[in-house]
Structure formats: C-alpha cells, structure tokens
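Next up, start.txt (compact mmCIF, C-alpha atoms (C1' of nucleotides)):
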```txt
# COMPACT_ATOMS: atom_id res chain seq x y z
CA MET V 1 -14.04 31.87 -11.71
CA LYS V 2 -11.13 29.54 -12.48
CA ASN V 3 -8.03 31.43 -13.33
CA ALA V 4 -4.26 31.36 -13.11
CA VAL V 5 -2.31 32.00 -9.93
CA VAL V 6 1.38 32.73 -9.54
CA ILE V 7 3.70 31.72 -6.73
CA GLU V 8 6.93 33.70 -6.53
CA GLY V 9 10.30 33.01 -5.01
CA VAL V 10 10.06 29.25 -4.48
CA GLN V 11 13.41 27.57 -3.86
CA ASN V 12 14.10 23.87 -4.38
CA PHE V 13 11.18 23.46 -6.73
CA ASN V 14 11.47 21.98 -10.20
CA ILE V 15 8.15 20.81 -11.59
CA SER V 16 9.75 18.45 -14.06
CA GLN V 17 11.79 16.72 -11.35
CA ILE V 18 8.85 16.60 -8.94
CA LEU V 19 6.61 14.84 -11.45
CA GLU V 20 9.23 12.65 -13.16
CA CYS V 21 10.87 11.27 -10.01
CA GLY V 22 8.39 8.40 -9.78
CA GLN V 23 6.12 9.38 -6.91
CA VAL V 24 3.11 10.38 -9.03
CA PHE V 25 1.46 8.83 -12.07
CA ARG V 26 -1.33 11.11 -13.23
CA PHE V 27 0.44 13.83 -15.14
CA GLU V 28 1.28 14.68 -18.72
CA LYS V 29 4.30 16.46 -20.06
CA ILE V 30 3.35 19.14 -22.54
CA CYS V 31 6.89 20.48 -22.83
CA ASP V 32 9.88 20.88 -20.50
CA SER V 33 8.34 23.84 -18.72
CA ASN V 34 4.67 22.85 -18.85
CA TYR V 35 2.81 19.94 -17.26
CA THR V 36 -0.77 18.86 -16.71
CA LEU V 37 -1.46 17.33 -13.31
CA ILE V 38 -4.58 15.55 -12.11
CA ALA V 39 -4.99 15.55 -8.33
CA LYS V 40 -7.58 16.44 -5.73
CA ASP V 41 -10.35 15.86 -8.32
CA LYS V 42 -8.95 18.70 -10.42
CA ALA V 43 -6.88 19.08 -13.55
CA ILE V 44 -4.36 21.91 -13.41
CA LYS V 45 -1.53 23.07 -15.61
CA ILE V 46 1.76 23.97 -13.99
CA THR V 47 4.26 26.17 -15.80
CA GLN V 48 7.79 26.89 -14.70
CA GLN V 49 10.51 28.29 -16.94
CA PRO V 50 14.00 26.77 -16.58
CA ASN V 51 15.75 27.94 -13.40
CA SER V 52 12.83 30.17 -12.50
CA THR V 53 11.53 30.50 -8.94
CA SER V 54 8.11 31.54 -10.26
CA ILE V 55 5.41 28.92 -10.71
CA ILE V 56 2.18 29.48 -12.60
CA ILE V 57 -0.80 27.25 -11.87
CA LYS V 58 -3.66 27.44 -14.36
CA ASN V 59 -7.27 26.46 -13.81
CA THR V 60 -7.36 27.16 -10.08
CA THR V 61 -8.04 30.02 -7.64
CA SER V 62 -6.03 31.79 -4.96
CA GLY V 63 -8.30 30.14 -2.39
CA GLU V 64 -7.48 26.67 -3.74
CA LEU V 65 -3.82 27.59 -3.84
CA GLU V 66 -3.80 28.18 -0.09
CA GLU V 67 -6.07 25.31 0.88
CA ILE V 68 -5.09 22.64 -1.61
CA TRP V 69 -1.96 23.23 -3.64
CA LYS V 70 0.42 24.63 -1.04
CA PRO V 71 0.00 21.58 1.19
CA TYR V 72 -0.12 19.18 -1.79
CA LEU V 73 3.10 20.60 -3.27
CA ASP V 74 4.71 20.60 0.19
CA LEU V 75 5.59 24.28 -0.11
CA ASP V 76 5.87 24.84 3.63
CA THR V 77 8.75 22.40 4.10
CA ASP V 78 12.29 23.77 4.18
CA TYR V 79 14.13 21.78 1.54
CA SER V 80 17.31 23.86 1.79
CA ARG V 81 17.99 22.24 5.16
CA ILE V 82 17.14 18.76 3.89
CA THR V 83 19.33 19.02 0.80
CA GLN V 84 22.17 20.47 2.86
CA VAL V 85 22.14 17.72 5.45
CA LEU V 86 21.93 14.93 2.85
CA ALA V 87 24.53 16.45 0.51
CA SER V 88 27.03 16.60 3.38
CA LYS V 89 26.78 12.82 3.93
CA ASP V 90 29.14 11.75 1.15
CA GLU V 91 30.03 12.35 -2.49
CA HIS V 92 27.31 10.03 -3.83
CA MET V 93 24.58 11.82 -1.93
CA LYS V 94 26.03 15.17 -2.90
CA LYS V 95 25.75 14.27 -6.59
CA ALA V 96 22.26 12.83 -6.22
CA VAL V 97 20.99 15.88 -4.33
CA GLU V 98 22.54 18.30 -6.81
CA PHE V 99 20.98 16.35 -9.66
CA GLY V 100 17.48 16.42 -8.13
CA THR V 101 17.69 19.59 -6.10
CA GLY V 102 14.17 20.63 -7.18
CA ILE V 103 12.43 17.47 -5.96
CA ARG V 104 9.63 17.81 -3.41
CA ILE V 105 7.67 14.93 -1.95
CA LEU V 106 4.01 15.51 -2.71
CA ARG V 107 1.26 14.87 -0.16
CA GLN V 108 -1.01 12.65 -2.19
CA ASP V 109 -4.26 10.85 -1.45
CA PRO V 110 -3.86 7.60 0.56
CA TRP V 111 -6.54 5.68 -1.33
CA GLU V 112 -5.17 6.63 -4.74
CA MET V 113 -1.60 5.85 -3.63
CA LEU V 114 -2.64 2.48 -2.24
CA ILE V 115 -4.26 1.32 -5.48
CA SER V 116 -1.60 2.92 -7.67
CA PHE V 117 1.27 1.18 -5.92
CA ILE V 118 -0.55 -2.15 -5.85
CA ILE V 119 -0.69 -1.77 -9.62
CA SER V 120 2.97 -0.75 -9.78
CA GLN V 121 4.37 -4.11 -8.72
CA ASN V 122 6.47 -5.79 -11.40
CA LYS V 123 5.60 -3.12 -13.96
CA ALA V 124 7.42 -0.30 -15.71
CA ILE V 125 6.25 3.26 -15.13
CA PRO V 126 4.58 3.89 -18.54
CA HIS V 127 2.56 0.72 -18.08
CA ILE V 128 1.52 1.76 -14.56
CA LYS V 129 0.32 5.10 -15.89
CA GLN V 130 -1.67 3.35 -18.62
CA CYS V 131 -3.43 1.02 -16.16
CA ILE V 132 -4.33 3.89 -13.85
CA TYR V 133 -5.68 5.87 -16.76
CA ASN V 134 -7.77 2.89 -17.87
CA ILE V 135 -9.31 2.59 -14.40
CA THR V 136 -10.01 6.30 -14.00
CA SER V 137 -11.52 6.64 -17.47
CA LYS V 138 -13.87 3.69 -16.95
CA TYR V 139 -14.84 4.11 -13.32
CA GLY V 140 -14.00 7.68 -12.29
CA ASP V 141 -15.95 10.85 -13.04
CA LEU V 142 -15.16 13.11 -15.96
CA ILE V 143 -13.44 16.31 -14.81
CA GLU V 144 -12.81 17.85 -18.19
CA GLU V 145 -12.59 16.83 -21.82
CA ASN V 146 -9.33 17.29 -23.59
CA SER V 147 -9.24 17.51 -27.37
CA TYR V 148 -5.46 17.03 -27.53
CA GLY V 149 -4.98 13.84 -25.57
CA GLN V 150 -6.64 11.85 -22.84
CA ASN V 151 -9.61 13.27 -20.97
CA TYR V 152 -9.24 14.07 -17.28
CA TYR V 153 -11.04 11.88 -14.73
CA THR V 154 -11.20 11.65 -10.97
CA PHE V 155 -9.73 8.59 -9.31
CA PRO V 156 -12.70 6.31 -8.56
CA SER V 157 -13.67 6.16 -4.89
CA PRO V 158 -13.88 2.87 -2.94
CA GLU V 159 -17.67 3.09 -3.38
CA GLN V 160 -17.20 3.29 -7.15
CA LEU V 161 -14.59 0.53 -7.31
CA ILE V 162 -16.52 -1.92 -5.14
CA LYS V 163 -18.96 -2.34 -8.04
CA VAL V 164 -16.19 -3.40 -10.42
CA SER V 165 -15.50 -7.09 -11.08
CA ASP V 166 -12.26 -9.00 -11.38
CA GLU V 167 -12.85 -9.36 -15.09
CA GLN V 168 -13.51 -5.65 -15.57
CA LEU V 169 -10.29 -4.82 -13.75
CA ARG V 170 -8.38 -7.21 -15.98
CA GLU V 171 -9.75 -5.33 -18.97
CA CYS V 172 -7.83 -2.38 -17.54
CA LYS V 173 -4.67 -4.54 -17.98
CA VAL V 174 -3.86 -4.89 -14.29
CA GLY V 175 -3.50 -8.67 -14.70
CA PHE V 176 -2.85 -10.71 -11.55
CA ARG V 177 -3.20 -7.59 -9.41
CA ALA V 178 -6.99 -7.53 -9.94
CA PRO V 179 -7.80 -9.59 -6.80
CA TYR V 180 -5.41 -7.40 -4.80
CA ILE V 181 -7.36 -4.29 -5.83
CA LEU V 182 -10.63 -6.05 -4.99
CA ASP V 183 -9.33 -7.00 -1.53
CA ALA V 184 -8.12 -3.47 -0.79
CA THR V 185 -11.44 -2.00 -1.89
CA ALA V 186 -13.48 -4.51 0.11
CA GLN V 187 -11.49 -3.93 3.30
CA ILE V 188 -11.98 -0.17 3.01
CA ILE V 189 -15.72 -0.55 2.40
CA GLU V 190 -16.15 -3.07 5.21
CA GLY V 191 -14.23 -0.82 7.54
CA THR V 192 -11.56 -3.33 8.56
CA ILE V 193 -9.11 -0.72 7.30
CA ASP V 194 -9.61 2.97 7.99
CA LEU V 195 -7.24 4.95 5.82
CA THR V 196 -7.70 8.11 7.90
CA ALA V 197 -6.74 6.34 11.11
CA ILE V 198 -3.36 5.45 9.63
CA PHE V 199 -2.37 9.12 9.82
CA HIS V 200 -2.24 8.75 13.61
CA MET V 201 -0.33 5.46 13.75
CA ASN V 202 3.37 4.96 14.21
CA ILE V 203 5.36 3.43 11.37
CA GLU V 204 5.22 -0.16 12.53
CA GLU V 205 1.48 -0.13 13.22
CA ALA V 206 0.79 1.61 9.93
CA ARG V 207 2.93 -0.77 7.90
CA LYS V 208 1.31 -3.77 9.53
CA LYS V 209 -2.15 -2.39 8.84
CA LEU V 210 -1.45 -1.76 5.16
CA MET V 211 0.19 -5.16 4.75
CA GLN V 212 -2.98 -6.92 5.82
CA ILE V 213 -4.18 -6.17 2.30
CA LYS V 214 -3.42 -8.89 -0.25
CA GLY V 215 -0.71 -7.76 -2.63
CA VAL V 216 0.71 -5.16 -0.26
CA GLY V 217 4.20 -6.05 0.93
CA PRO V 218 6.84 -3.90 2.62
CA LYS V 219 7.81 -1.96 -0.50
CA ILE V 220 4.29 -0.91 -1.44
CA ALA V 221 3.36 -0.16 2.17
CA ASP V 222 6.39 2.11 2.46
CA CYS V 223 5.53 3.92 -0.78
CA VAL V 224 2.05 4.65 0.53
CA LEU V 225 3.45 5.77 3.89
CA LEU V 226 5.94 8.10 2.24
CA PHE V 227 3.83 9.59 -0.54
CA ALA V 228 0.46 9.82 1.20
CA TYR V 229 1.09 9.81 4.95
CA ASN V 230 4.29 11.83 4.97
CA LYS V 231 6.21 9.31 7.04
CA MET V 232 9.56 10.67 5.94
CA GLU V 233 11.72 8.11 7.73
CA VAL V 234 10.63 5.13 5.59
CA PHE V 235 12.90 3.94 2.79
CA PRO V 236 10.91 2.12 0.08
CA THR V 237 13.35 -0.46 -1.22
CA ASP V 238 12.77 -1.67 -4.76
CA VAL V 239 15.17 -3.38 -7.14
CA TRP V 240 16.52 -0.04 -8.35
CA ILE V 241 17.25 1.53 -5.01
CA LYS V 242 18.65 -1.77 -3.79
CA ARG V 243 21.08 -1.76 -6.69
CA VAL V 244 22.03 1.86 -6.02
CA ILE V 245 22.71 1.28 -2.31
CA GLU V 246 24.67 -1.91 -2.99
CA GLY V 247 26.75 -0.11 -5.60
CA TYR V 248 27.48 2.96 -3.48
CA TYR V 249 27.81 1.54 0.01
CA PHE V 250 28.44 -2.22 -0.23
CA GLU V 251 30.91 -2.51 -3.13
CA GLY V 252 28.24 -4.01 -5.37
CA LYS V 253 27.64 -7.00 -3.11
CA ASP V 254 24.18 -8.52 -3.03
CA MET V 255 22.56 -7.52 0.28
CA PRO V 256 19.36 -8.85 1.84
CA LEU V 257 16.52 -6.36 2.05
CA PRO V 258 16.53 -6.01 5.86
CA GLU V 259 20.23 -5.04 5.73
CA ILE V 260 19.47 -2.30 3.23
CA GLN V 261 16.63 -1.02 5.40
CA LYS V 262 18.81 -1.02 8.49
CA PHE V 263 21.56 0.84 6.65
CA ALA V 264 19.12 3.50 5.42
CA LYS V 265 17.62 3.95 8.87
CA ASP V 266 21.01 4.33 10.56
CA TYR V 267 22.60 6.44 7.86
CA PHE V 268 19.79 8.77 6.77
CA GLY V 269 17.62 8.73 9.91
CA GLU V 270 14.44 10.76 9.65
CA LEU V 271 15.47 11.96 6.18
CA ALA V 272 15.53 8.45 4.67
CA GLY V 273 12.45 9.03 2.53
CA TYR V 274 13.94 12.14 0.93
CA ALA V 275 17.25 10.34 0.39
CA GLN V 276 15.40 7.55 -1.38
CA GLN V 277 13.84 9.98 -3.85
CA TYR V 278 17.12 11.74 -4.69
CA LEU V 279 18.91 8.41 -5.12
CA PHE V 280 16.12 6.84 -7.15
CA PHE V 281 15.75 9.81 -9.50
CA HIS V 282 19.48 10.20 -10.00
CA GLY V 283 20.05 6.48 -10.45
CA ARG V 284 17.27 6.06 -12.96
CA GLU V 285 17.95 9.18 -15.03
CA GLU V 286 21.65 8.41 -15.22
CA GLY V 287 21.02 4.74 -15.99
CA LEU V 288 23.34 3.74 -13.15
CA PHE V 289 24.05 0.08 -12.42
CA LYS V 290 22.38 -1.28 -15.52
CA LYS V 291 25.71 -2.24 -17.07
CA GLU V 292 27.09 -3.69 -13.86
CA LYS V 293 24.11 -5.98 -13.66
CA LYS V 294 24.62 -7.28 -17.18
CA ASP V 295 28.30 -7.85 -16.47
CA LEU V 296 27.45 -9.86 -13.39
CA LYS V 297 25.32 -12.25 -15.39
CA LYS V 298 28.19 -13.32 -17.64
C1' DT L 1 12.36 -13.64 -32.74
C1' DC L 2 11.93 -14.38 -28.24
C1' DG L 3 13.64 -14.08 -23.67
C1' DC L 4 13.75 -11.05 -20.06
C1' DA L 5 12.99 -7.51 -16.82
C1' DG L 6 10.07 -3.99 -15.10
C1' DG L 7 9.64 0.73 -8.40
C1' DG L 8 6.76 -7.16 -5.82
C1' DA L 9 4.21 -10.30 -3.41
C1' DC L 10 2.11 -14.77 -2.92
C1' DT L 11 2.29 -19.71 -2.78
C1' DC L 12 4.27 -23.75 -2.49
C1' DG L 13 7.89 -27.38 -0.96
C1' DC O 1 13.47 -19.71 3.72
C1' DG O 2 14.24 -20.23 -1.82
C1' DA O 3 12.36 -20.74 -6.13
C1' DG O 4 8.68 -20.34 -9.24
C1' DT O 5 4.67 -17.93 -10.71
C1' DC O 6 1.57 -14.25 -11.70
C1' DC O 7 -0.63 -10.20 -16.38
C1' DC O 8 1.17 -7.37 -19.58
C1' DT O 9 4.61 -4.44 -22.34
C1' DG O 10 8.71 -2.76 -24.36
C1' DC O 11 13.34 -3.56 -25.39
C1' DG O 12 17.73 -5.99 -26.72
```
Taking this structure as input, can you express it in the form of structure tokens?
Amino acid sequence: MKNAVVIEGVQNFNISQILECGQVFRFEKICDSNYTLIAKDKAIKITQQPNSTSIIIKNTTSGELEEIWKPYLDLDTDYSRITQVLASKDEHMKKAVEFGTGIRILRQDPWEMLISFIISQNKAIPHIKQCIYNITSKYGDLIEENSYGQNYYTFPSPEQLIKVSDEQLRECKVGFRAPYILDATAQIIEGTIDLTAIFHMNIEEARKKLMQIKGVGPKIADCVLLFAYNKMEVFPTDVWIKRVIEGYYFEGKDMPLPEIQKFAKDYFGELAGYAQQYLFFHGREEGLFKKEKKDLKK
DNA sequence: TCGCAGGGACTCG
DNA sequence: CGAGTCCCTGCG
C-alpha cells in the first residue's frame, strides 16, 4: 500500500530551495510548501511547512523511504558542517549560505542527468523543463495520470531512446542538441560508455569519459559529475557563476574559465560543488550582476 | 518590433 | 585560439 511517511527533525532541508536551485528539472510547484517530484520512476509529493523540520512524503512507503528517498535526498550528509565551513570563508559566502541554508545536493540518475544537461545548453530553465517533459511524455512510460496538470512519466531508458530519430527529437524542441542526444544514447547502447563504471573513476578520467560524447563539454560534464556521481569537488562554471565569481573575487574583471576553475579548487577545495550551488541560487534569486552586465555594454 | 540572451559546445579560419 | 553558429523561447 502506498501511503504517506513523515521524517522528523531534519536540519538544513528546505524543499523549495532544493528543487528551485537548478539541479533538478522534473518537479512541479503546487504551493510554497508543497511540491510534486518525479524521480526513481515514481511520482511523490513532498510537503514541508515554512521553517519546519518535518517533511511529509506522499505516495511512498517506509521501505522506499529508507532504500530510495534518504539516499536520493542526501539525508545522511552533515550539512551543518558544510554550511559552517563555507560561511566562514568571507562575507559573500556567508550571505549565500544563509540565503540557501536549506539546499541539499540530490543524488540523481546519471543517464537522466546526462541527457538533461545536454538539453540545458544555451537554454533557460523553463524551456529545459518543457523539452524534458516532451521527451518523457512521448518516449517514457506512464507512471500516473494527473487531472490537474501534466501526467507523470518515467525518463526513457537508453533502450527506449535508441529507437527515436533526429526528427522526432526535434519535435520535442531540443533543436541542434538532437544529434548530441543520439550520440550519447548510441554510445551507451554500444557500450563504449558505461555510466556505472564512472562511479569508480577519478575526476579527470570521469570528465574525459563524459566529454567523449558530442555536445558534452566541461560545464555539462561537471554538472553530471556533481548531481549524479556526487563528485563534490567539481565546480560547474556557467555564465552565471562566472559572473558571480568575477564580481565577488576579481573586481568584475573578465576571467578565463580555467582561472575561475583554479580559483574555486584552491578556495573551496572539496566543498566546491556545494559552494557553487549556494552561489548560483543566491545570485540568480537576487538577480545579481544583471545590471552590471548591461552597464558594461554601454 | 525585433534583437538578444538563456546554467554551451562545435566548427571553422 | 577567437568568432560565428546552432533550435527555440521569453523578455526588454
């Protein structure tokens, strides 16, 4: 029987921040304290009242909570230490950590992350979500119908996607990324890339392996490594985070990407991935550095 | 209205 | 290397 389970006394957990900080695309906001999340071939509802340490998960079991959701939600990681260390770095980090103190980095599926972040390139988040929904609704399996909004579907497996053509992918509005998705799928099916094996690789090996897929560069590889493989020392560097780092630590000067990466590695060390999420979420929600950029163009 | 940027990466020269 | 290009959408 599917039912509701409750988790009590969880610190550093804010479901809104966790889902809205840009690491995950398959969720729906019902209201501030109530979200639908599709993951692990299931659709669950997560409820958390403001400032509450109690979390209610609907449409699951206590068995699934232990086996699936605790690892997925990263509930066994001590975020009080992480937030403390990062907040003590400087005033910028302190603000960013305080702003997103309930963020946790989810442990998502490598295959789904790979395709999702290939789609993400040069797109805004709502558009990314739409493309992913299009693909799941056409080529995934129905999990549950939903009379209020979009139905819930599984993310199609490599075996399901290998049957899909370039043209069919373009109908999902992925545009020029269609051949990238085809290449990723083909390499998984052919076995030239083994997504499970990447769990056991070091960062450099893993990044190299992922980047042998067309359309996967350093940024997308790092996103997959951080959000699926839990390589916490990577620092995915997109235009936003680049702007934030330049503004905070380089007086707004334009810095080459390797310099930013080196700075993050030296300054944040093995917590770089967490730092990236706090900085990204804070920067985006506050609309930081948008004005500065416009001013520069004059 | 239209030009531009959006969690980039590839392809030329 | 640096610049231009890629599909599509929303925003000023």
Neighbours of chain V in chain O at 9 Å, counting all atoms listed in the file, as a ChimeraX atom specification:
/O:6-9
Take the residues that were just selected and, keeping C-alpha atoms (C1' of nucleotides), output them as a CSV table (one decimal), keeping the file's coordinate frame.
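Okay, this is what ended up in part-v7.csv:
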```csv
chain,number,residue,atom,x,y,z
O,6,DC,C1',1.6,-14.2,-11.7
O,7,DC,C1',-0.6,-10.2,-16.4
O,8,DC,C1',1.2,-7.4,-19.6
O,9,DT,C1',4.6,-4.4,-22.3
```
**Report entry** Exercise answer, chain L residues close to chain V, 7 Å and only C-alpha atoms (C1' of nucleotides), as a VMD selection string
**Finding:** chain L and resid 6 to 9
A straight line from C1' of DG2 in chain O to CA of Arg243 in chain V spans 20.3 Å
One decimal place gives the C1' of DC4 in chain L-C1' of DG4 in chain O separation as 15.1 Å
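The interatomic distance for the pair CA of Leu86 in chain V and CA of Ile105 in chain V works out to 15.0 Å.
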Nearest to Ile245 in chain V, restricted to only C-alpha atoms and choosing among V:Gln261, V:Ser116, V:Asn12, V:Ser33, comes out as V:Gln261
Counting only C-alpha atoms, which residues of range 198-271 of chain V fall within 12 Å of range 90-104 of chain V, and what is the closest atom pair for each with its distance in Å at one decimal, ordered by chain and rising number, as CSV?
```
residue,atom,partner,partner_atom,distance
V:Leu226,CA,V:Arg104,CA,11.8
V:Phe227,CA,V:Arg104,CA,10.5
V:Asn230,CA,V:Arg104,CA,11.6
V:Met232,CA,V:Arg104,CA,11.8
V:Val244,CA,V:His92,CA,10.0
V:Ile245,CA,V:His92,CA,10.0
V:Gly247,CA,V:His92,CA,10.3
V:Tyr248,CA,V:His92,CA,7.1
V:Tyr249,CA,V:His92,CA,9.3
V:Tyr267,CA,V:Asp90,CA,10.8
V:Phe268,CA,V:Met93,CA,10.4
```
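Nearest to Glu20 in chain V of all the residues V:Asp222, V:Leu65, V:Glu285, V:Ile128 is V:Glu285, based on all atoms listed in the file.
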Filled-in N, CA and C atoms of range 247-271 of chain V, supplied as a PDB file, in the coordinates of the input:
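The resulting result_19.pdb:
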```
ATOM      1  N   GLY V 247      25.655  -0.646  -4.808  1.00  0.00           N
ATOM      2  CA  GLY V 247      26.750  -0.110  -5.600  1.00  0.00           C
ATOM      3  C   GLY V 247      27.531   0.959  -4.845  1.00  0.00           C
ATOM      4  N   TYR V 248      26.820   1.829  -4.145  1.00  0.00           N
ATOM      5  CA  TYR V 248      27.480   2.960  -3.480  1.00  0.00           C
ATOM      6  C   TYR V 248      28.110   2.563  -2.140  1.00  0.00           C
ATOM      7  N   TYR V 249      27.403   1.728  -1.386  1.00  0.00           N
ATOM      8  CA  TYR V 249      27.810   1.540   0.010  1.00  0.00           C
ATOM      9  C   TYR V 249      28.222   0.116   0.368  1.00  0.00           C
ATOM     10  N   PHE V 250      28.059  -0.837  -0.548  1.00  0.00           N
ATOM     11  CA  PHE V 250      28.440  -2.220  -0.230  1.00  0.00           C
ATOM     12  C   PHE V 250      29.278  -2.850  -1.335  1.00  0.00           C
ATOM     13  N   GLU V 251      29.988  -2.025  -2.081  1.00  0.00           N
ATOM     14  CA  GLU V 251      30.910  -2.510  -3.130  1.00  0.00           C
ATOM     15  C   GLU V 251      30.245  -3.444  -4.113  1.00  0.00           C
ATOM     16  N   GLY V 252      28.947  -3.212  -4.366  1.00  0.00           N
ATOM     17  CA  GLY V 252      28.240  -4.010  -5.370  1.00  0.00           C
ATOM     18  C   GLY V 252      27.812  -5.390  -4.913  1.00  0.00           C
ATOM     19  N   LYS V 253      28.037  -5.676  -3.623  1.00  0.00           N
ATOM     20  CA  LYS V 253      27.640  -7.000  -3.110  1.00  0.00           C
ATOM     21  C   LYS V 253      26.126  -7.093  -2.956  1.00  0.00           C
ATOM     22  N   ASP V 254      25.610  -8.289  -3.191  1.00  0.00           N
ATOM     23  CA  ASP V 254      24.180  -8.520  -3.030  1.00  0.00           C
ATOM     24  C   ASP V 254      23.820  -8.536  -1.549  1.00  0.00           C
ATOM     25  N   MET V 255      22.933  -7.628  -1.139  1.00  0.00           N
ATOM     26  CA  MET V 255      22.560  -7.520   0.280  1.00  0.00           C
ATOM     27  C   MET V 255      21.092  -7.872   0.466  1.00  0.00           C
ATOM     28  N   PRO V 256      20.770  -8.565   1.560  1.00  0.00           N
ATOM     29  CA  PRO V 256      19.360  -8.850   1.840  1.00  0.00           C
ATOM     30  C   PRO V 256      18.612  -7.559   2.174  1.00  0.00           C
ATOM     31  N   LEU V 257      17.331  -7.562   1.888  1.00  0.00           N
ATOM     32  CA  LEU V 257      16.520  -6.360   2.050  1.00  0.00           C
ATOM     33  C   LEU V 257      16.557  -5.758   3.459  1.00  0.00           C
ATOM     34  N   PRO V 258      16.473  -6.585   4.512  1.00  0.00           N
ATOM     35  CA  PRO V 258      16.530  -6.010   5.860  1.00  0.00           C
ATOM     36  C   PRO V 258      17.835  -5.258   6.137  1.00  0.00           C
ATOM     37  N   GLU V 259      18.942  -5.731   5.561  1.00  0.00           N
ATOM     38  CA  GLU V 259      20.230  -5.040   5.730  1.00  0.00           C
ATOM     39  C   GLU V 259      20.188  -3.657   5.099  1.00  0.00           C
ATOM     40  N   ILE V 260      19.580  -3.579   3.922  1.00  0.00           N
ATOM     41  CA  ILE V 260      19.470  -2.300   3.230  1.00  0.00           C
ATOM     42  C   ILE V 260      18.631  -1.334   4.051  1.00  0.00           C
ATOM     43  N   GLN V 261      17.520  -1.848   4.586  1.00  0.00           N
ATOM     44  CA  GLN V 261      16.630  -1.020   5.400  1.00  0.00           C
ATOM     45  C   GLN V 261      17.339  -0.512   6.642  1.00  0.00           C
ATOM     46  N   LYS V 262      18.095  -1.400   7.267  1.00  0.00           N
ATOM     47  CA  LYS V 262      18.810  -1.020   8.490  1.00  0.00           C
ATOM     48  C   LYS V 262      19.850   0.045   8.170  1.00  0.00           C
ATOM     49  N   PHE V 263      20.569  -0.157   7.058  1.00  0.00           N
ATOM     50  CA  PHE V 263      21.560   0.840   6.650  1.00  0.00           C
ATOM     51  C   PHE V 263      20.906   2.206   6.456  1.00  0.00           C
ATOM     52  N   ALA V 264      19.791   2.223   5.723  1.00  0.00           N
ATOM     53  CA  ALA V 264      19.120   3.500   5.420  1.00  0.00           C
ATOM     54  C   ALA V 264      18.655   4.179   6.703  1.00  0.00           C
ATOM     55  N   LYS V 265      18.126   3.394   7.613  1.00  0.00           N
ATOM     56  CA  LYS V 265      17.620   3.950   8.870  1.00  0.00           C
ATOM     57  C   LYS V 265      18.758   4.579   9.672  1.00  0.00           C
ATOM     58  N   ASP V 266      19.869   3.835   9.787  1.00  0.00           N
ATOM     59  CA  ASP V 266      21.010   4.330  10.560  1.00  0.00           C
ATOM     60  C   ASP V 266      21.681   5.516   9.887  1.00  0.00           C
ATOM     61  N   TYR V 267      21.790   5.450   8.574  1.00  0.00           N
ATOM     62  CA  TYR V 267      22.600   6.440   7.860  1.00  0.00           C
ATOM     63  C   TYR V 267      21.829   7.719   7.558  1.00  0.00           C
ATOM     64  N   PHE V 268      20.557   7.588   7.171  1.00  0.00           N
ATOM     65  CA  PHE V 268      19.790   8.770   6.770  1.00  0.00           C
ATOM     66  C   PHE V 268      18.818   9.236   7.852  1.00  0.00           C
ATOM     67  N   GLY V 269      18.514   8.354   8.807  1.00  0.00           N
ATOM     68  CA  GLY V 269      17.620   8.730   9.910  1.00  0.00           C
ATOM     69  C   GLY V 269      16.270   9.193   9.428  1.00  0.00           C
ATOM     70  N   GLU V 270      15.801  10.299   9.973  1.00  0.00           N
ATOM     71  CA  GLU V 270      14.440  10.760   9.650  1.00  0.00           C
ATOM     72  C   GLU V 270      14.355  11.363   8.252  1.00  0.00           C
ATOM     73  N   LEU V 271      15.498  11.438   7.545  1.00  0.00           N
ATOM     74  CA  LEU V 271      15.470  11.960   6.180  1.00  0.00           C
ATOM     75  C   LEU V 271      15.550  10.838   5.136  1.00  0.00           C
TER      76      LEU V 271
END
```
